[in-house]
>>> print(open('structure-v3.pdb').read())   # PDB, C-alpha atoms, pLDDT in the B column
MODEL        1
ATOM      1  CA  ASP R  31      -9.695  21.678-169.245  1.00 54.00           C
ATOM      2  CA  THR R  32      -8.092  18.367-168.254  1.00 76.00           C
ATOM      3  CA  GLY R  33      -9.454  16.224-171.066  1.00 92.00           C
ATOM      4  CA  VAL R  34      -7.649  14.717-174.026  1.00 95.00           C
ATOM      5  CA  SER R  35      -6.379  17.399-176.370  1.00 95.00           C
ATOM      6  CA  GLN R  36      -5.360  17.016-179.977  1.00 97.00           C
ATOM      7  CA  ASP R  37      -3.479  19.344-182.256  1.00 97.00           C
ATOM      8  CA  PRO R  38      -4.026  20.531-184.901  1.00 97.00           C
ATOM      9  CA  ARG R  39      -7.786  20.256-185.077  1.00 96.00           C
ATOM     10  CA  HIS R  40      -7.743  20.499-188.842  1.00 97.00           C
ATOM     11  CA  LYS R  41      -4.949  19.972-191.320  1.00 98.00           C
ATOM     12  CA  ILE R  42      -5.130  20.464-195.078  1.00 98.00           C
ATOM     13  CA  THR R  43      -2.202  19.152-197.050  1.00 97.00           C
ATOM     14  CA  LYS R  44      -1.224  18.210-200.555  1.00 97.00           C
ATOM     15  CA  ARG R  45      -0.755  14.632-201.605  1.00 97.00           C
ATOM     16  CA  GLY R  46       2.760  13.444-200.925  1.00 97.00           C
ATOM     17  CA  GLN R  47       3.389  15.716-197.954  1.00 98.00           C
ATOM     18  CA  ASN R  48       4.073  14.486-194.436  1.00 98.00           C
ATOM     19  CA  VAL R  49       1.802  15.396-191.543  1.00 98.00           C
ATOM     20  CA  THR R  50       2.087  14.950-187.808  1.00 98.00           C
ATOM     21  CA  PHE R  51      -0.645  14.973-185.191  1.00 98.00           C
ATOM     22  CA  ARG R  52      -0.125  15.376-181.487  1.00 98.00           C
ATOM     23  CA  CYS R  53      -2.197  14.023-178.638  1.00 98.00           C
ATOM     24  CA  ASP R  54      -1.963  14.996-174.992  1.00 97.00           C
ATOM     25  CA  PRO R  55      -3.809  12.460-172.857  1.00 96.00           C
ATOM     26  CA  ILE R  56      -5.340  12.940-169.455  1.00 94.00           C
ATOM     27  CA  SER R  57      -2.298  13.265-167.240  1.00 91.00           C
ATOM     28  CA  GLU R  58      -2.752  10.209-165.031  1.00 87.00           C
ATOM     29  CA  HIS R  59      -3.700   7.864-167.863  1.00 91.00           C
ATOM     30  CA  ASN R  60      -1.103   5.291-168.864  1.00 91.00           C
ATOM     31  CA  ARG R  61      -2.833   3.985-171.998  1.00 92.00           C
ATOM     32  CA  LEU R  62      -3.159   5.957-175.182  1.00 95.00           C
ATOM     33  CA  TYR R  63      -4.996   4.945-178.349  1.00 95.00           C
ATOM     34  CA  TRP R  64      -5.195   6.179-181.917  1.00 97.00           C
ATOM     35  CA  TYR R  65      -8.261   5.602-184.067  1.00 97.00           C
ATOM     36  CA  ARG R  66      -9.229   6.725-187.548  1.00 97.00           C
ATOM     37  CA  GLN R  67     -12.784   7.634-188.501  1.00 96.00           C
ATOM     38  CA  THR R  68     -14.021   8.219-192.026  1.00 95.00           C
ATOM     39  CA  LEU R  69     -17.366   9.693-192.975  1.00 90.00           C
ATOM     40  CA  GLY R  70     -20.254   7.423-192.127  1.00 87.00           C
ATOM     41  CA  GLN R  71     -18.085   4.890-190.344  1.00 92.00           C
ATOM     42  CA  GLY R  72     -17.221   4.079-186.793  1.00 94.00           C
ATOM     43  CA  PRO R  73     -13.750   4.617-185.392  1.00 96.00           C
ATOM     44  CA  GLU R  74     -11.186   2.089-186.613  1.00 95.00           C
ATOM     45  CA  PHE R  75      -8.425   1.071-184.238  1.00 94.00           C
ATOM     46  CA  LEU R  76      -4.909   1.982-185.336  1.00 95.00           C
ATOM     47  CA  THR R  77      -2.614   1.438-182.371  1.00 96.00           C
ATOM     48  CA  TYR R  78      -2.272   1.753-178.636  1.00 93.00           C
ATOM     49  CA  PHE R  79       0.424   2.388-176.068  1.00 94.00           C
ATOM     50  CA  GLN R  80       0.849   1.418-172.490  1.00 92.00           C
ATOM     51  CA  ASN R  81       3.186   4.036-171.109  1.00 92.00           C
ATOM     52  CA  GLU R  82       5.853   4.348-173.823  1.00 93.00           C
ATOM     53  CA  ALA R  83       5.452   0.817-175.187  1.00 93.00           C
ATOM     54  CA  GLN R  84       3.455   0.338-178.361  1.00 93.00           C
ATOM     55  CA  LEU R  85       1.583  -2.856-177.559  1.00 91.00           C
ATOM     56  CA  GLU R  86      -0.724  -3.337-180.506  1.00 90.00           C
ATOM     57  CA  LYS R  87      -0.889  -2.135-184.087  1.00 92.00           C
ATOM     58  CA  SER R  88      -3.611  -2.638-186.640  1.00 91.00           C
ATOM     59  CA  ARG R  89      -2.932  -3.943-190.129  1.00 86.00           C
ATOM     60  CA  LEU R  90      -4.461  -0.607-191.192  1.00 77.00           C
ATOM     61  CA  LEU R  91      -1.289   1.045-189.977  1.00 82.00           C
ATOM     62  CA  SER R  92       0.789   0.878-193.130  1.00 84.00           C
ATOM     63  CA  ASP R  93       4.495   1.613-193.332  1.00 90.00           C
ATOM     64  CA  ARG R  94       3.660   5.248-193.986  1.00 95.00           C
ATOM     65  CA  PHE R  95       2.145   5.582-190.534  1.00 95.00           C
ATOM     66  CA  SER R  96       4.206   5.772-187.388  1.00 95.00           C
ATOM     67  CA  ALA R  97       3.228   6.554-183.849  1.00 96.00           C
ATOM     68  CA  GLU R  98       5.376   7.328-180.861  1.00 96.00           C
ATOM     69  CA  ARG R  99       4.864   8.049-177.228  1.00 96.00           C
ATOM     70  CA  PRO R 100       8.197   9.133-175.805  1.00 91.00           C
ATOM     71  CA  LYS R 101       8.364   9.165-172.021  1.00 86.00           C
ATOM     72  CA  GLY R 102       4.859   7.801-171.830  1.00 85.00           C
ATOM     73  CA  SER R 103       3.189  11.189-171.944  1.00 91.00           C
ATOM     74  CA  PHE R 104       2.048  12.839-175.193  1.00 96.00           C
ATOM     75  CA  SER R 105       1.942  10.919-178.442  1.00 97.00           C
ATOM     76  CA  THR R 106       2.504  11.781-182.092  1.00 97.00           C
ATOM     77  CA  LEU R 107       1.059  10.134-185.169  1.00 97.00           C
ATOM     78  CA  GLU R 108       2.971  10.812-188.373  1.00 97.00           C
ATOM     79  CA  ILE R 109       1.756  10.041-191.860  1.00 97.00           C
ATOM     80  CA  GLN R 110       4.386  10.140-194.564  1.00 97.00           C
ATOM     81  CA  ARG R 111       3.703  10.670-198.260  1.00 97.00           C
ATOM     82  CA  THR R 112       0.018  11.324-197.666  1.00 97.00           C
ATOM     83  CA  GLU R 113      -2.563   9.954-200.082  1.00 96.00           C
ATOM     84  CA  GLN R 114      -6.117  11.106-200.657  1.00 96.00           C
ATOM     85  CA  GLY R 115      -7.340   7.951-198.947  1.00 94.00           C
ATOM     86  CA  ASP R 116      -5.732   9.167-195.729  1.00 96.00           C
ATOM     87  CA  SER R 117      -8.348  11.913-195.454  1.00 97.00           C
ATOM     88  CA  ALA R 118     -10.170  11.162-192.224  1.00 97.00           C
ATOM     89  CA  MET R 119     -10.634  12.216-188.633  1.00 96.00           C
ATOM     90  CA  TYR R 120      -7.824  10.931-186.429  1.00 97.00           C
ATOM     91  CA  LEU R 121      -9.000  10.331-182.893  1.00 97.00           C
ATOM     92  CA  CYS R 122      -6.891   9.981-179.806  1.00 97.00           C
ATOM     93  CA  ALA R 123      -8.124   8.450-176.570  1.00 95.00           C
ATOM     94  CA  SER R 124      -6.621   7.634-173.221  1.00 94.00           C
ATOM     95  CA  SER R 125      -7.474   5.429-170.289  1.00 91.00           C
ATOM     96  CA  SER R 126      -6.156   4.481-166.902  1.00 86.00           C
ATOM     97  CA  GLY R 127      -5.365   0.912-165.969  1.00 73.00           C
ATOM     98  CA  THR R 128      -8.829   0.483-164.505  1.00 69.00           C
ATOM     99  CA  SER R 129     -10.870   2.460-167.010  1.00 64.00           C
ATOM    100  CA  GLY R 130      -9.098   0.804-169.927  1.00 61.00           C
ATOM    101  CA  TYR R 131     -10.046  -2.610-168.616  1.00 68.00           C
ATOM    102  CA  THR R 132     -13.656  -1.535-168.297  1.00 70.00           C
ATOM    103  CA  GLY R 133     -13.638  -0.050-171.778  1.00 69.00           C
ATOM    104  CA  GLU R 134     -13.987   3.554-170.751  1.00 83.00           C
ATOM    105  CA  LEU R 135     -11.805   5.429-173.141  1.00 90.00           C
ATOM    106  CA  PHE R 136     -11.703   9.208-172.979  1.00 92.00           C
ATOM    107  CA  PHE R 137     -11.613  10.646-176.466  1.00 94.00           C
ATOM    108  CA  GLY R 138     -10.319  13.919-177.773  1.00 95.00           C
ATOM    109  CA  GLU R 139     -12.232  15.905-180.363  1.00 94.00           C
ATOM    110  CA  GLY R 140     -10.035  14.637-183.159  1.00 95.00           C
ATOM    111  CA  SER R 141      -7.751  16.000-185.842  1.00 97.00           C
ATOM    112  CA  ARG R 142      -9.332  16.207-189.254  1.00 97.00           C
ATOM    113  CA  LEU R 143      -6.991  15.562-192.177  1.00 98.00           C
ATOM    114  CA  THR R 144      -7.851  16.643-195.707  1.00 98.00           C
ATOM    115  CA  VAL R 145      -5.477  15.537-198.443  1.00 97.00           C
ATOM    116  CA  LEU R 146      -5.850  17.438-201.715  1.00 96.00           C
TER
ATOM    117  CA  ALA I 205     -12.937 -12.149-185.783  1.00 73.00           C
ATOM    118  CA  GLN I 206     -15.012  -9.940-183.577  1.00 80.00           C
ATOM    119  CA  SER I 207     -17.394  -7.543-185.272  1.00 88.00           C
ATOM    120  CA  VAL I 208     -20.261  -5.247-184.473  1.00 94.00           C
ATOM    121  CA  THR I 209     -23.223  -4.496-186.709  1.00 96.00           C
ATOM    122  CA  GLN I 210     -25.543  -1.549-186.362  1.00 97.00           C
ATOM    123  CA  PRO I 211     -28.213  -2.151-188.996  1.00 96.00           C
ATOM    124  CA  ASP I 212     -29.801   1.298-188.843  1.00 96.00           C
ATOM    125  CA  ILE I 213     -27.822   4.133-190.401  1.00 96.00           C
ATOM    126  CA  HIS I 214     -30.371   6.805-189.454  1.00 96.00           C
ATOM    127  CA  ILE I 215     -33.276   6.860-187.055  1.00 97.00           C
ATOM    128  CA  THR I 216     -35.702   9.732-186.588  1.00 97.00           C
ATOM    129  CA  VAL I 217     -37.935   9.952-183.546  1.00 97.00           C
ATOM    130  CA  SER I 218     -40.186  12.633-182.154  1.00 97.00           C
ATOM    131  CA  GLU I 219     -39.181  14.350-178.950  1.00 97.00           C
ATOM    132  CA  GLY I 220     -40.733  12.503-176.035  1.00 97.00           C
ATOM    133  CA  ALA I 221     -41.031   9.237-177.930  1.00 97.00           C
ATOM    134  CA  SER I 222     -39.194   6.072-176.954  1.00 97.00           C
ATOM    135  CA  LEU I 223     -36.017   4.977-178.686  1.00 97.00           C
ATOM    136  CA  GLU I 224     -34.332   1.687-179.459  1.00 97.00           C
ATOM    137  CA  LEU I 225     -31.050   1.450-181.348  1.00 98.00           C
ATOM    138  CA  ARG I 226     -29.986  -1.976-182.504  1.00 98.00           C
ATOM    139  CA  CYS I 227     -26.599  -3.602-182.129  1.00 97.00           C
ATOM    140  CA  ASN I 228     -25.544  -7.123-183.011  1.00 96.00           C
ATOM    141  CA  TYR I 229     -22.130  -8.540-182.262  1.00 93.00           C
ATOM    142  CA  SER I 230     -20.092 -11.466-183.399  1.00 89.00           C
ATOM    143  CA  TYR I 231     -17.853 -12.892-180.716  1.00 76.00           C
ATOM    144  CA  GLY I 232     -17.200 -16.373-179.443  1.00 68.00           C
ATOM    145  CA  ALA I 233     -16.936 -15.816-175.720  1.00 73.00           C
ATOM    146  CA  THR I 234     -18.815 -13.516-173.408  1.00 72.00           C
ATOM    147  CA  PRO I 235     -18.233 -10.103-174.888  1.00 82.00           C
ATOM    148  CA  TYR I 236     -17.503  -6.837-173.202  1.00 89.00           C
ATOM    149  CA  LEU I 237     -20.024  -4.489-174.825  1.00 92.00           C
ATOM    150  CA  PHE I 238     -20.313  -0.729-174.867  1.00 94.00           C
ATOM    151  CA  TRP I 239     -22.355   2.141-176.206  1.00 97.00           C
ATOM    152  CA  TYR I 240     -20.680   5.449-176.974  1.00 97.00           C
ATOM    153  CA  VAL I 241     -22.246   8.715-178.134  1.00 97.00           C
ATOM    154  CA  GLN I 242     -20.632  11.291-180.412  1.00 95.00           C
ATOM    155  CA  SER I 243     -22.180  14.739-180.456  1.00 92.00           C
ATOM    156  CA  PRO I 244     -21.152  17.343-183.038  1.00 84.00           C
ATOM    157  CA  GLY I 245     -17.861  18.956-182.096  1.00 80.00           C
ATOM    158  CA  GLN I 246     -17.356  16.667-179.127  1.00 85.00           C
ATOM    159  CA  GLY I 247     -15.359  13.558-178.448  1.00 87.00           C
ATOM    160  CA  LEU I 248     -16.978  10.173-178.039  1.00 93.00           C
ATOM    161  CA  GLN I 249     -18.414   9.603-174.590  1.00 94.00           C
ATOM    162  CA  LEU I 250     -19.193   6.315-172.885  1.00 93.00           C
ATOM    163  CA  LEU I 251     -22.912   5.845-172.214  1.00 96.00           C
ATOM    164  CA  LEU I 252     -22.861   2.396-170.634  1.00 95.00           C
ATOM    165  CA  LYS I 253     -21.108  -0.956-170.594  1.00 92.00           C
ATOM    166  CA  TYR I 254     -21.830  -4.628-170.040  1.00 92.00           C
ATOM    167  CA  PHE I 255     -19.337  -7.127-168.663  1.00 85.00           C
ATOM    168  CA  SER I 256     -21.344  -9.783-166.894  1.00 82.00           C
ATOM    169  CA  GLY I 257     -24.183 -10.221-164.448  1.00 85.00           C
ATOM    170  CA  ASP I 258     -27.462  -8.385-164.832  1.00 87.00           C
ATOM    171  CA  THR I 259     -28.282  -8.255-168.521  1.00 90.00           C
ATOM    172  CA  LEU I 260     -30.047  -4.904-168.217  1.00 95.00           C
ATOM    173  CA  VAL I 261     -27.526  -2.150-167.643  1.00 95.00           C
ATOM    174  CA  GLN I 262     -28.159   1.466-166.837  1.00 96.00           C
ATOM    175  CA  GLY I 263     -26.096   4.296-168.194  1.00 95.00           C
ATOM    176  CA  ILE I 264     -25.865   8.034-168.171  1.00 95.00           C
ATOM    177  CA  LYS I 265     -28.444  10.441-169.581  1.00 94.00           C
ATOM    178  CA  GLY I 266     -31.292   8.006-168.910  1.00 96.00           C
ATOM    179  CA  PHE I 267     -30.112   5.336-171.349  1.00 97.00           C
ATOM    180  CA  GLU I 268     -30.226   1.606-170.753  1.00 97.00           C
ATOM    181  CA  ALA I 269     -29.228  -1.439-172.769  1.00 97.00           C
ATOM    182  CA  GLU I 270     -30.118  -5.109-172.636  1.00 96.00           C
ATOM    183  CA  PHE I 271     -27.700  -7.922-173.411  1.00 94.00           C
ATOM    184  CA  LYS I 272     -29.363 -10.900-175.088  1.00 93.00           C
ATOM    185  CA  ARG I 273     -26.923 -13.724-175.656  1.00 90.00           C
ATOM    186  CA  SER I 274     -29.409 -15.815-177.640  1.00 90.00           C
ATOM    187  CA  GLN I 275     -29.807 -13.003-180.147  1.00 92.00           C
ATOM    188  CA  SER I 276     -26.210 -11.715-179.968  1.00 92.00           C
ATOM    189  CA  SER I 277     -27.669  -8.279-179.379  1.00 95.00           C
ATOM    190  CA  PHE I 278     -27.056  -5.328-177.128  1.00 96.00           C
ATOM    191  CA  ASN I 279     -29.758  -2.811-177.982  1.00 98.00           C
ATOM    192  CA  LEU I 280     -29.797   0.683-176.537  1.00 98.00           C
ATOM    193  CA  ARG I 281     -33.055   2.145-175.244  1.00 98.00           C
ATOM    194  CA  LYS I 282     -34.431   5.332-173.805  1.00 98.00           C
ATOM    195  CA  PRO I 283     -38.063   5.765-172.734  1.00 97.00           C
ATOM    196  CA  SER I 284     -38.372   9.431-173.679  1.00 97.00           C
ATOM    197  CA  VAL I 285     -36.020  11.170-176.086  1.00 97.00           C
ATOM    198  CA  HIS I 286     -34.933  14.775-175.646  1.00 96.00           C
ATOM    199  CA  TRP I 287     -33.825  17.070-178.455  1.00 95.00           C
ATOM    200  CA  SER I 288     -30.334  17.089-176.945  1.00 94.00           C
ATOM    201  CA  ASP I 289     -30.047  13.335-177.607  1.00 96.00           C
ATOM    202  CA  ALA I 290     -29.574  14.012-181.313  1.00 96.00           C
ATOM    203  CA  ALA I 291     -26.122  12.583-182.022  1.00 96.00           C
ATOM    204  CA  GLU I 292     -24.368   9.560-183.461  1.00 97.00           C
ATOM    205  CA  TYR I 293     -24.373   6.397-181.397  1.00 98.00           C
ATOM    206  CA  PHE I 294     -21.780   3.666-181.621  1.00 98.00           C
ATOM    207  CA  CYS I 295     -21.885   0.157-180.268  1.00 97.00           C
ATOM    208  CA  ALA I 296     -18.512  -1.416-179.499  1.00 95.00           C
ATOM    209  CA  VAL I 297     -17.011  -4.679-178.307  1.00 92.00           C
ATOM    210  CA  ARG I 298     -13.722  -5.266-176.532  1.00 88.00           C
ATOM    211  CA  PRO I 299     -11.950  -8.574-177.113  1.00 81.00           C
ATOM    212  CA  GLU I 300     -10.773 -10.260-173.929  1.00 77.00           C
ATOM    213  CA  SER I 301      -7.192 -10.330-175.148  1.00 78.00           C
ATOM    214  CA  SER I 302      -6.908  -6.638-175.934  1.00 81.00           C
ATOM    215  CA  TYR I 303      -7.670  -3.177-174.661  1.00 82.00           C
ATOM    216  CA  LYS I 304      -8.793  -1.900-178.046  1.00 87.00           C
ATOM    217  CA  LEU I 305     -12.450  -1.364-178.897  1.00 91.00           C
ATOM    218  CA  ILE I 306     -14.084  -2.533-182.132  1.00 92.00           C
ATOM    219  CA  PHE I 307     -16.827  -0.124-183.136  1.00 95.00           C
ATOM    220  CA  GLY I 308     -19.887  -0.508-185.283  1.00 96.00           C
ATOM    221  CA  SER I 309     -20.572   1.915-188.109  1.00 96.00           C
ATOM    222  CA  GLY I 310     -22.914   3.986-185.985  1.00 97.00           C
ATOM    223  CA  THR I 311     -26.539   5.111-186.005  1.00 97.00           C
ATOM    224  CA  ARG I 312     -27.356   8.772-186.422  1.00 97.00           C
ATOM    225  CA  LEU I 313     -30.298   9.828-184.289  1.00 97.00           C
ATOM    226  CA  LEU I 314     -32.431  12.741-185.430  1.00 97.00           C
ATOM    227  CA  VAL I 315     -35.017  14.157-183.036  1.00 96.00           C
ATOM    228  CA  ARG I 316     -38.141  15.711-184.496  1.00 95.00           C
ATOM    229  CA  PRO I 317     -39.625  18.612-182.473  1.00 90.00           C
TER
ENDMDL
END
>>> encode(input="structure-v3.pdb", output="structure tokens")
Amino acid sequence: DTGVSQDPRHKITKRGQNVTFRCDPISEHNRLYWYRQTLGQGPEFLTYFQNEAQLEKSRLLSDRFSAERPKGSFSTLEIQRTEQGDSAMYLCASSSGTSGYTGELFFGEGSRLTVL
Amino acid sequence: AQSVTQPDIHITVSEGASLELRCNYSYGATPYLFWYVQSPGQGLQLLLKYFSGDTLVQGIKGFEAEFKRSQSSFNLRKPSVHWSDAAEYFCAVRPESSYKLIFGSGTRLLVRP
């Protein structure tokens, strides 16, 4: 399968713990996006990368959230000192230069975070 | 700020019936508009997009959407719904200055046998 893959698919953690999600985009895609989706809502933009450069961050991305994309390949999203309000599905998407311009993002199946 | 409104949280239609899902956007310039579908256990998939030109756009799986500037709408339609169309549908807009998408809150489609 050459789609966007995310790991882990489901993470349960206790409040105050740190968690990290990984996203492997489609190999030829240079743009990578992170979104958060809560129940009954649409995906909310968090941040995106072009190659290894983080070009845009949402105000939703508090100081406890950090994303990296070393070498412009896979990306990690870390949440420090998790809170119950962080419980959500974290979606990763990727696009090429052309598909990103036309709005065609290729999404992974998401990583579901449950904070107890 | 750009925003997207999907006024219907749930819609139920009978299999074989026609479908229209509503989407209204708020954006100053000509928007780039999209419809995505999210099926259970699957990632979001692009159904269709509008950039400019013909206001009626065709997408995959037999879907189409019509851009109406006067009504700030981009409604999704399908003439005959199949049971496999049951999913959540999201309208989205892309600001000209960014590659991010701004999504609506979604409409869940239920298909009655």
>>> residues_around(input="structure-v3.pdb", residues="Arg99 of chain R", least_positions_apart="4", cutoff="9 Å", atoms="only C-alpha atoms", output="list in words")
Leu62, Phe79, Asn81, Glu82, Ala83, Gln84, Ser103, Phe104, Ser105 and Thr106 of chain R
>>> resolve_selection(input="structure-v3.pdb", expression="the ChimeraX specification (/R :<12) & /I", output="PyMOL selection string")
chain I and resi 207-210+212-214+235-256+292-312
>>> resolve_selection(input="structure-v3.pdb", expression="the PyMOL selection byres ((chain I and resi 282-285) around 6)", output="MDAnalysis selection string")
chainID I and resid 219:223 267 281 286
>>> residues_around(input="structure-v3.pdb", residues="Thr112 of chain R", least_positions_apart="4", cutoff="9 Å", atoms="only C-alpha atoms", output="PyMOL selection string")
chain R and resi 43-49+94+116-117+145
>>> closest_residue(input="structure-v3.pdb", among="R:Ala118, R:Ile109, R:Pro55, R:Ser92", to="Ser141 of chain R", atoms="only C-alpha atoms")
R:Ala118
>>> closest_residue(input="structure-v3.pdb", among="I:Ala290, I:Leu260, I:Cys227, I:Leu314", to="Ser276 of chain I", atoms="only C-alpha atoms")
I:Cys227
